[in-house]
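S.K.: So I've got this file, target25.csv, and it contains CSV, C-alpha atoms:
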```csv
chain,number,residue,atom,x,y,z
A,1,MET,CA,55.2,145.9,110.9
A,2,LYS,CA,52.8,146.1,107.9
A,3,SER,CA,49.1,145.4,108.3
A,4,LYS,CA,47.4,142.5,106.6
A,5,LYS,CA,45.6,144.9,104.4
A,6,THR,CA,48.8,146.6,103.2
A,7,ASN,CA,50.4,143.2,102.5
A,8,ALA,CA,47.3,142.1,100.6
A,9,GLU,CA,47.4,145.3,98.4
A,10,GLU,CA,51.0,144.7,97.5
A,11,ILE,CA,50.4,141.1,96.6
A,12,VAL,CA,47.4,142.0,94.4
A,13,LYS,CA,49.7,144.4,92.5
A,14,LEU,CA,52.1,141.5,92.0
A,15,LEU,CA,49.3,139.2,90.7
A,16,LEU,CA,48.5,141.7,88.0
A,17,ILE,CA,51.9,141.4,86.4
A,18,VAL,CA,53.4,138.1,87.5
A,19,PRO,CA,52.4,134.8,85.8
A,20,VAL,CA,54.1,132.7,88.5
A,21,VAL,CA,54.3,134.2,91.9
A,22,LEU,CA,57.1,133.3,94.4
A,23,SER,CA,56.7,133.8,98.1
A,24,LEU,CA,60.1,134.7,99.6
A,25,MET,CA,59.1,136.1,103.0
A,26,LEU,CA,61.8,137.1,105.5
A,27,SER,CA,62.2,135.8,109.0
A,28,GLY,CA,62.6,138.3,111.8
A,29,CYS,CA,64.9,136.1,113.8
A,30,THR,CA,67.6,133.5,113.5
A,31,ASP,CA,67.4,130.1,115.2
A,32,MET,CA,70.8,129.0,116.6
A,33,LEU,CA,71.7,125.4,116.7
A,34,GLY,CA,73.8,123.9,119.5
A,35,GLY,CA,76.7,125.7,121.2
A,36,GLY,CA,76.6,124.0,124.6
A,37,SER,CA,75.2,125.2,127.9
A,38,GLY,CA,73.8,128.5,126.6
A,39,SER,CA,77.2,129.6,125.3
A,40,SER,CA,77.7,132.5,122.9
A,41,GLY,CA,78.7,130.0,120.1
A,42,ASN,CA,81.7,132.0,118.8
A,43,GLY,CA,83.9,129.0,118.1
A,44,VAL,CA,87.2,128.9,120.0
A,45,GLU,CA,87.2,131.1,123.1
A,46,ILE,CA,90.1,132.2,125.2
A,47,LYS,CA,89.2,131.4,128.8
A,48,VAL,CA,92.5,131.9,130.7
A,49,PHE,CA,96.0,133.2,129.9
A,50,ARG,CA,98.4,133.5,132.8
A,51,ALA,CA,101.9,133.1,134.2
A,52,ASP,CA,102.6,131.3,137.4
A,53,MET,CA,105.1,134.0,138.5
A,54,PRO,CA,104.9,137.7,137.6
A,55,THR,CA,108.6,138.3,138.5
A,56,VAL,CA,111.6,136.0,137.8
A,57,ASN,CA,115.3,136.2,137.8
A,58,CYS,CA,117.6,135.6,134.8
A,59,ASN,CA,117.4,131.9,133.6
A,60,GLN,CA,114.6,131.2,136.1
A,61,GLN,CA,111.7,129.2,134.7
A,62,VAL,CA,108.2,130.8,134.4
A,63,ASN,CA,105.3,128.7,133.3
A,64,VAL,CA,102.7,130.2,131.0
A,65,GLU,CA,99.3,128.6,130.6
A,66,LEU,CA,96.5,129.1,128.0
A,67,ARG,CA,93.0,127.6,128.4
A,68,LEU,CA,90.7,127.3,125.4
A,69,GLN,CA,87.1,126.2,124.8
A,70,ASN,CA,85.2,125.4,121.7
A,71,THR,CA,81.7,126.9,122.1
A,72,GLY,CA,80.6,126.5,118.4
A,73,ASP,CA,79.2,123.6,116.4
A,74,TYR,CA,82.2,122.3,114.5
A,75,ASP,CA,85.5,120.8,115.5
A,76,ALA,CA,88.5,123.2,115.2
A,77,GLN,CA,92.1,122.7,114.1
A,78,VAL,CA,94.1,125.0,116.4
A,79,ALA,CA,97.6,126.5,116.2
A,80,THR,CA,99.0,129.0,118.6
A,81,GLN,CA,101.9,131.4,118.2
A,82,ILE,CA,103.7,133.5,120.9
A,83,PHE,CA,104.4,137.1,119.8
A,84,VAL,CA,105.6,140.4,121.1
A,85,ILE,CA,108.5,138.6,122.7
A,86,ASP,CA,111.2,136.7,120.7
A,87,PRO,CA,111.0,133.0,121.8
A,88,ALA,CA,114.8,132.7,121.1
A,89,ASN,CA,115.4,135.1,124.1
A,90,TRP,CA,113.3,132.8,126.3
A,91,ASN,CA,115.0,129.5,125.6
A,92,ASN,CA,112.7,128.7,122.6
A,93,PRO,CA,109.9,127.2,124.7
A,94,LEU,CA,108.1,124.1,123.4
A,95,GLN,CA,104.4,124.1,123.3
A,96,ASN,CA,102.4,121.3,124.8
A,97,PRO,CA,100.3,120.1,123.0
A,98,PRO,CA,102.2,120.9,119.8
A,99,ASN,CA,100.6,122.6,116.8
A,100,PRO,CA,98.2,121.8,115.3
A,101,PHE,CA,95.8,120.1,117.7
A,102,THR,CA,92.0,119.4,117.6
A,103,LEU,CA,89.5,121.2,119.8
A,104,ARG,CA,86.3,119.2,119.7
A,105,ALA,CA,82.8,120.8,119.6
A,106,VAL,CA,80.0,119.6,121.8
A,107,THR,CA,76.5,119.9,120.3
A,108,ASP,CA,74.7,118.5,123.3
A,109,LYS,CA,73.4,121.6,125.1
A,110,SER,CA,73.4,119.8,128.4
A,111,VAL,CA,77.1,119.2,128.2
A,112,GLU,CA,79.8,121.9,128.9
A,113,PRO,CA,82.5,121.9,126.2
A,114,PRO,CA,85.9,120.7,127.6
A,115,ILE,CA,88.7,123.0,128.4
A,116,GLN,CA,92.0,122.5,126.5
A,117,THR,CA,95.1,123.7,128.3
A,118,VAL,CA,98.2,124.7,126.4
A,119,LYS,CA,101.5,125.3,128.3
A,120,TRP,CA,104.9,126.8,127.7
A,121,GLN,CA,108.1,126.9,129.9
A,122,LEU,CA,109.8,130.2,129.5
A,123,ARG,CA,113.4,130.8,130.7
A,124,PRO,CA,114.5,134.4,130.1
A,125,SER,CA,118.1,135.1,129.1
A,126,CYS,CA,119.4,138.4,130.6
A,127,GLU,CA,122.2,138.4,128.0
A,128,MET,CA,119.8,138.0,125.1
A,129,LEU,CA,117.4,140.5,126.6
A,130,ASP,CA,120.2,143.0,127.3
A,131,ILE,CA,119.2,143.5,130.9
A,132,PRO,CA,122.1,145.2,132.9
A,133,LYS,CA,123.1,144.0,136.3
A,134,SER,CA,121.1,145.2,139.3
A,135,SER,CA,118.3,146.1,136.8
A,136,SER,CA,114.9,144.7,135.7
A,137,MET,CA,112.7,145.0,132.7
A,138,ASP,CA,109.0,144.3,132.0
A,139,PHE,CA,107.9,142.1,129.1
A,140,HIS,CA,104.4,141.7,127.7
A,141,PRO,CA,104.0,138.3,125.9
A,142,GLN,CA,100.8,137.5,124.0
A,143,VAL,CA,99.5,134.4,122.2
A,144,ARG,CA,97.7,134.4,118.9
A,145,VAL,CA,95.2,131.6,118.6
A,146,TYR,CA,94.5,130.5,115.0
A,147,HIS,CA,91.8,128.0,114.2
A,148,THR,CA,89.9,126.6,111.2
A,149,TYR,CA,86.1,126.8,111.4
A,150,LYS,CA,82.8,126.5,109.5
A,151,THR,CA,79.5,128.2,109.6
A,152,ASP,CA,76.4,127.0,107.7
A,153,ALA,CA,72.9,128.4,107.3
A,154,LYS,CA,69.7,127.7,105.3
A,155,ARG,CA,66.6,129.6,104.6
A,156,SER,CA,63.2,128.2,103.6
A,157,ILE,CA,61.5,129.4,100.4
A,158,THR,CA,57.8,128.7,99.9
A,159,PHE,CA,56.6,128.6,96.2
A,160,VAL,CA,53.0,129.6,95.7
A,161,ASP,CA,51.0,129.6,92.4
A,162,GLU,CA,48.5,132.3,91.5
A,163,GLU,CA,45.4,130.3,92.4
A,164,GLU,CA,46.6,129.5,95.9
A,165,LEU,CA,47.5,133.1,96.5
A,166,ARG,CA,44.0,134.2,95.5
A,167,VAL,CA,42.6,131.8,98.1
A,168,LEU,CA,44.8,133.1,100.8
A,169,LEU,CA,43.9,136.7,100.0
A,170,SER,CA,40.2,135.9,100.0
A,171,GLU,CA,40.5,134.3,103.4
A,172,GLY,CA,42.4,137.3,104.8
A,173,LYS,CA,45.5,135.2,105.4
A,174,SER,CA,49.2,136.1,104.8
A,175,LEU,CA,52.0,134.0,103.4
A,176,ALA,CA,54.2,131.9,105.6
A,177,VAL,CA,57.4,133.5,106.9
A,178,GLY,CA,60.6,131.9,105.6
A,179,GLU,CA,62.6,130.4,108.5
A,180,GLN,CA,66.4,130.7,108.7
A,181,THR,CA,68.6,128.4,110.8
A,182,THR,CA,72.4,128.8,111.3
A,183,SER,CA,75.2,127.1,113.2
A,184,ASN,CA,77.3,128.7,115.9
A,185,GLY,CA,80.6,130.2,114.8
A,186,PRO,CA,82.7,133.4,114.7
A,187,LEU,CA,81.4,134.3,111.3
A,188,SER,CA,77.6,134.6,110.9
A,189,ILE,CA,75.5,134.2,107.8
A,190,SER,CA,72.3,136.1,106.9
A,191,ILE,CA,70.2,134.9,103.9
A,192,GLU,CA,67.6,137.4,102.7
A,193,THR,CA,65.1,137.0,99.9
A,194,VAL,CA,62.4,139.4,98.6
A,195,PRO,CA,59.5,139.1,96.2
A,196,PHE,CA,60.9,139.7,92.7
A,197,ALA,CA,59.7,138.8,89.2
A,198,GLN,CA,59.9,140.0,85.6
A,199,THR,CA,57.0,139.6,83.1
A,200,PHE,CA,58.0,137.7,80.0
A,201,ASN,CA,56.4,135.0,77.9
A,202,SER,CA,58.2,132.2,79.7
A,203,TYR,CA,58.4,131.3,83.4
A,204,LEU,CA,62.1,130.7,82.9
A,205,ASP,CA,62.5,134.5,82.8
A,206,VAL,CA,61.2,134.9,86.4
A,207,GLN,CA,64.3,135.6,88.5
A,208,ILE,CA,64.6,135.2,92.2
A,209,PRO,CA,67.1,137.4,94.1
A,210,VAL,CA,68.9,136.0,97.1
A,211,HIS,CA,71.2,138.3,99.2
A,212,ILE,CA,73.9,136.6,101.4
A,213,LYS,CA,75.8,138.5,104.0
A,214,ILE,CA,78.8,137.2,106.0
A,215,THR,CA,79.6,139.2,109.1
A,216,ASN,CA,82.4,138.8,111.6
A,217,THR,CA,80.8,138.6,115.0
A,218,GLY,CA,83.3,136.5,117.0
A,219,GLY,CA,85.6,139.1,118.5
A,220,GLY,CA,88.6,138.2,116.4
A,221,LYS,CA,89.6,138.4,112.7
A,222,VAL,CA,89.9,136.4,109.5
A,223,PRO,CA,93.7,136.8,108.7
A,224,GLY,CA,94.8,138.6,105.6
A,225,ASP,CA,96.9,136.6,103.1
A,226,ILE,CA,100.0,137.6,101.2
A,227,ASN,CA,97.9,139.5,98.7
A,228,ASN,CA,95.9,141.4,101.4
A,229,ASN,CA,92.8,139.4,100.9
A,230,TYR,CA,90.7,138.0,103.7
A,231,PRO,CA,89.6,134.7,102.1
A,232,VAL,CA,86.5,132.7,103.0
A,233,ALA,CA,85.6,129.5,101.2
A,234,ILE,CA,81.9,129.5,100.3
A,235,THR,CA,79.4,127.1,98.8
A,236,VAL,CA,75.9,128.1,97.9
A,237,THR,CA,73.3,125.5,96.9
A,238,ALA,CA,70.1,126.5,95.3
A,239,PRO,CA,66.7,125.0,96.3
A,240,VAL,CA,65.9,121.8,94.4
A,241,GLY,CA,63.9,122.7,91.3
A,242,THR,CA,65.7,126.0,90.8
A,243,SER,CA,69.1,126.9,89.2
A,244,PHE,CA,71.4,129.9,89.3
A,245,VAL,CA,71.3,132.6,86.7
A,246,SER,CA,74.2,134.6,88.1
A,247,CYS,CA,76.1,135.5,91.3
A,248,THR,CA,77.8,138.8,92.1
A,249,PRO,CA,80.6,139.1,92.9
A,250,GLN,CA,81.8,136.1,91.0
A,251,LEU,CA,83.4,133.5,93.2
A,252,ASN,CA,87.2,133.3,92.9
A,253,ALA,CA,89.4,130.2,92.4
A,254,LEU,CA,92.0,129.3,94.9
A,255,THR,CA,94.6,132.1,94.5
A,256,TYR,CA,95.1,132.9,98.1
A,257,GLY,CA,98.1,131.9,100.3
A,258,TYR,CA,99.3,132.5,103.9
A,259,SER,CA,103.0,133.0,104.7
A,260,ASN,CA,102.9,133.5,108.5
A,261,ILE,CA,100.3,131.0,109.9
A,262,PRO,CA,101.9,127.9,111.5
A,263,LEU,CA,100.9,124.6,109.9
A,264,MET,CA,97.6,125.7,108.5
A,265,ASN,CA,96.1,125.7,105.0
A,266,ILE,CA,93.2,127.7,103.6
A,267,PRO,CA,90.0,125.5,103.9
A,268,THR,CA,88.5,124.4,100.7
A,269,PRO,CA,84.8,125.1,99.8
A,270,THR,CA,82.7,122.0,100.6
A,271,PHE,CA,79.1,121.3,101.2
A,272,THR,CA,77.6,118.3,102.9
A,273,GLY,CA,74.0,117.6,104.0
A,274,GLY,CA,71.1,118.7,101.8
A,275,GLY,CA,73.3,120.0,99.0
A,276,PHE,CA,71.5,118.4,96.0
A,277,GLY,CA,70.6,121.4,93.9
A,278,ASP,CA,72.6,123.7,91.6
A,279,THR,CA,75.8,124.7,93.4
A,280,ARG,CA,78.3,127.6,93.2
A,281,SER,CA,81.6,127.2,95.1
A,282,GLY,CA,84.7,129.3,95.4
A,283,TYR,CA,86.2,132.1,97.6
A,284,VAL,CA,85.1,135.6,98.6
A,285,SER,CA,87.3,138.2,100.4
A,286,LEU,CA,85.9,139.9,103.4
A,287,PHE,CA,85.9,143.7,103.3
A,288,THR,CA,87.5,145.4,106.3
A,289,ASP,CA,86.2,148.8,107.5
A,290,PRO,CA,85.9,150.5,110.9
A,291,GLY,CA,82.7,148.5,111.6
A,292,GLY,CA,84.5,145.1,111.2
A,293,GLN,CA,84.8,142.5,108.5
A,294,SER,CA,81.9,141.5,106.2
A,295,ALA,CA,81.1,140.4,102.6
A,296,ASP,CA,78.0,140.6,100.5
A,297,MET,CA,76.9,138.4,97.7
A,298,THR,CA,73.7,138.4,95.5
A,299,CYS,CA,72.6,135.5,93.4
A,300,PHE,CA,69.6,135.2,91.1
A,301,LEU,CA,67.7,131.9,90.7
A,302,ARG,CA,65.1,130.7,88.2
A,303,VAL,CA,62.5,128.0,88.6
A,304,ASN,CA,63.2,125.1,86.3
A,305,ASP,CA,59.7,123.7,86.2
A,306,PRO,CA,56.9,125.4,88.3
A,307,THR,CA,54.7,122.2,88.2
A,308,LYS,CA,57.2,120.4,90.3
A,309,ILE,CA,57.8,123.0,92.9
A,310,ILE,CA,54.5,124.9,93.5
A,311,ARG,CA,53.0,124.4,97.0
A,312,GLN,CA,56.3,123.2,98.3
A,313,THR,CA,58.9,124.6,100.7
A,314,ARG,CA,62.5,124.2,99.7
A,315,TYR,CA,65.8,125.5,101.2
A,316,ILE,CA,68.7,127.6,99.9
A,317,ASN,CA,71.9,126.4,101.7
A,318,VAL,CA,75.1,128.3,102.4
A,319,LYS,CA,78.3,126.9,104.0
A,320,ILE,CA,81.5,128.8,104.6
A,321,SER,CA,85.0,127.6,105.8
A,322,TYR,CA,87.8,129.8,107.0
A,323,ILE,CA,90.8,130.5,109.2
A,324,TYR,CA,90.1,132.7,112.2
A,325,TYR,CA,92.3,134.1,115.0
A,326,LYS,CA,92.0,135.8,118.4
A,327,ASP,CA,94.7,137.4,120.5
A,328,THR,CA,95.1,137.0,124.3
A,329,GLN,CA,95.4,140.0,126.5
A,330,PRO,CA,99.1,140.8,127.2
A,331,LEU,CA,100.8,139.4,130.3
A,332,THR,CA,103.3,141.4,132.4
A,333,ILE,CA,106.4,139.4,133.3
A,334,THR,CA,109.2,141.3,135.2
A,335,VAL,CA,112.7,139.9,134.6
A,336,LYS,CA,115.4,140.8,137.2
A,337,ASN,CA,119.2,140.7,136.8
A,338,PRO,CA,120.3,140.7,140.5
A,339,ALA,CA,123.5,142.4,141.6
A,340,GLY,CA,126.5,140.3,141.2
A,341,GLN,CA,124.8,137.8,138.7
A,342,SER,CA,126.8,137.5,135.5
A,343,MET,CA,125.0,138.0,132.3
A,344,PHE,CA,127.3,135.3,130.7
```
Translate the structure of the given file into structure tokens.

M.R.:
Amino acid sequence: MKSKKTNAEEIVKLLLIVPVVLSLMLSGCTDMLGGGSGSSGNGVEIKVFRADMPTVNCNQQVNVELRLQNTGDYDAQVATQIFVIDPANWNNPLQNPPNPFTLRAVTDKSVEPPIQTVKWQLRPSCEMLDIPKSSSMDFHPQVRVYHTYKTDAKRSITFVDEEELRVLLSEGKSLAVGEQTTSNGPLSISIETVPFAQTFNSYLDVQIPVHIKITNTGGGKVPGDINNNYPVAITVTAPVGTSFVSCTPQLNALTYGYSNIPLMNIPTPTFTGGGFGDTRSGYVSLFTDPGGQSADMTCFLRVNDPTKIIRQTRYINVKISYIYYKDTQPLTITVKNPAGQSMF
């Protein structure tokens, strides 16, 4: 933590070279909105995955149950998919409710989000599973839970002219810290801004850097598409009174597609609520490394007219939409083919 004296010295240096000074102070914490009953807010959570019988005979029904809860701030469209086992060998069980279904979010913190139960009725075929008579085999089914989701965030930016900054310094005060708020979801957004300016003859040449980082914090993954991209739709809206100079990387058009997700399409980039400034929309691909999935984007803004924005606090807004998935832990179901029971 820097002292007030150190901050003042740095600001004085800026005043010597910058005709219009922009205060872009970083917040040390993030305010979380909603989520329900102190939940972690990671969107769709897997609460229970179980079978009613761990051991069954050939053609005997075993009921599998999955319980889900939406702890985030947005409604989710959900689709589930049994894997590891081949459903054809288990009488092609029907899912109830069928794909896709909606899992509602509850933003009232005093209300616990509801539990959605999904069920399947499995009936193993010893013939299809190739289990000899008087033998048994273990199987380990899992369910992959896909869902669409959104995360949004905004950070305040306070614009200060040179005269106001001199008054603050003379009174031994520091500039206000920019506040960030964000919604609950499996992907988090961090918006960072730093003091930055270039000295030219016109205020239009003063450029403001904004760094946006998207991080996977939900315990699952954004699925890769057929082109090995991990697409996230993003919309960035500049504070009113400013406009974009550039964004790196450049946002892509919709060129992604999935081939293996049941009844789901890639969300489109949209922005609602407070999005009245200059806007950039498109798609970014998350980068996957041993530390997880993340993406970085840096935009530069310019002030359109300092006389209309000085001594005001404005917001830069970011919203992302995406498909996300989590896997259940595997079950163990033992299937027996008793002595004397025909496989046919």

S.K.: Hey, which of A:Leu122, A:Val335, A:Ile115, A:Ala105 ends up closest to A:Val62? Count all atoms listed in the file.

M.R.: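 Closest to A:Val62 of all the choices is A:Leu122.
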
S.K.: I'd like the interatomic distance between atom CA of A:Ser321 and atom CA of A:Gln77, to a tenth of an Å.

M.R.: 12.0 Å

S.K.: What does the distance from atom CA of A:Asn70 to atom CA of A:Pro141 come to in Å, to one decimal?

M.R.: 23.2 Å

S.K.: Need to verify the contact set: A:Pro231, 9 Å, all atoms listed in the file, exclusion of same-chain residues closer than 6 positions in sequence. Can you return it as a list in words?

M.R.: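 My list of contacting residues is Val222, Pro223, Gly224, Asp225, Tyr256, Ile266, Tyr283, Val284, Ser285, Leu286, Tyr322 and Ile323 of chain A.
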
S.K.: Taking into account only C-alpha atoms, which residue in the set A:Thr235, A:Ser246, A:Gln69, A:Gln121 is nearest to A:Arg302?

M.R.: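 Of A:Thr235, A:Ser246, A:Gln69, A:Gln121, the one nearest A:Arg302, counting only C-alpha atoms, is A:Ser246.
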
S.K.: Just the number, please: distance in Å from atom CA of A:Ser183 to atom CA of A:Pro209, one decimal.

M.R.: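 Going from atom CA of A:Ser183 over to atom CA of A:Pro209 covers 23.2 Å.
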
S.K.: Closest to A:Met128 among A:Val44, A:Ile310, A:Cys299, A:Ala88, using only C-alpha atoms?

M.R.: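 Among A:Val44, A:Ile310, A:Cys299, A:Ala88, it is A:Ala88 that comes nearest to A:Met128.
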
S.K.: Tell me, as a list in words, which residues lie within 12 Å of A:Arg104, counting all atoms listed in the file; anything in the same chain fewer than 3 positions away does not count.

M.R.: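 Surrounding residues, per the criterion: Gly35, Gly36, Gly43, Val44, Leu68, Gln69, Asn70, Thr71, Gly72, Asp73, Tyr74, Asp75, Ala76, Gln77, Val78, Phe101, Thr107, Glu112, Pro113, Pro114, Ile115, Gln116, His147, Thr148 and Tyr149 of chain A.
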
S.K.: Considering only C-alpha atoms, can you say which of A:Glu127, A:Asp152, A:Asp327, A:Glu192 comes closest to A:Asn91?

M.R.: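 Closest candidate: A:Glu127.
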
S.K.: Which residue is closest to A:Gln180? Choose from A:Val318, A:Val303, A:Cys247, A:Met297 and count only C-alpha atoms.

M.R.: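 Using only C-alpha atoms, A:Gln180 sits closest to A:Val318.
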
S.K.: With distances taken over all atoms listed in the file, which residue among A:Thr193, A:Ser243, A:Ser135, A:Gln207 lies nearest A:Gly277?

M.R.: A:Ser243

S.K.: Please check which residues have atoms at most 9 Å from (106.4, 127.0, 133.7) in the file's coordinates, counting only C-alpha atoms, and write them as a list in words.

M.R.: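 These residues have at least one counted atom within 9 Å: Ala51, Asp52, Met53, Gln61, Val62, Asn63, Val64, Glu65, Lys119, Trp120, Gln121, Leu122 and Arg123 of chain A.
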
S.K.: May I have the residues at most 7 Å from (104.0, 123.6, 125.0) in the file's coordinates, counting all atoms listed in the file, as a PyMOL selection string?

M.R.: chain A and resi 93-98+118-120
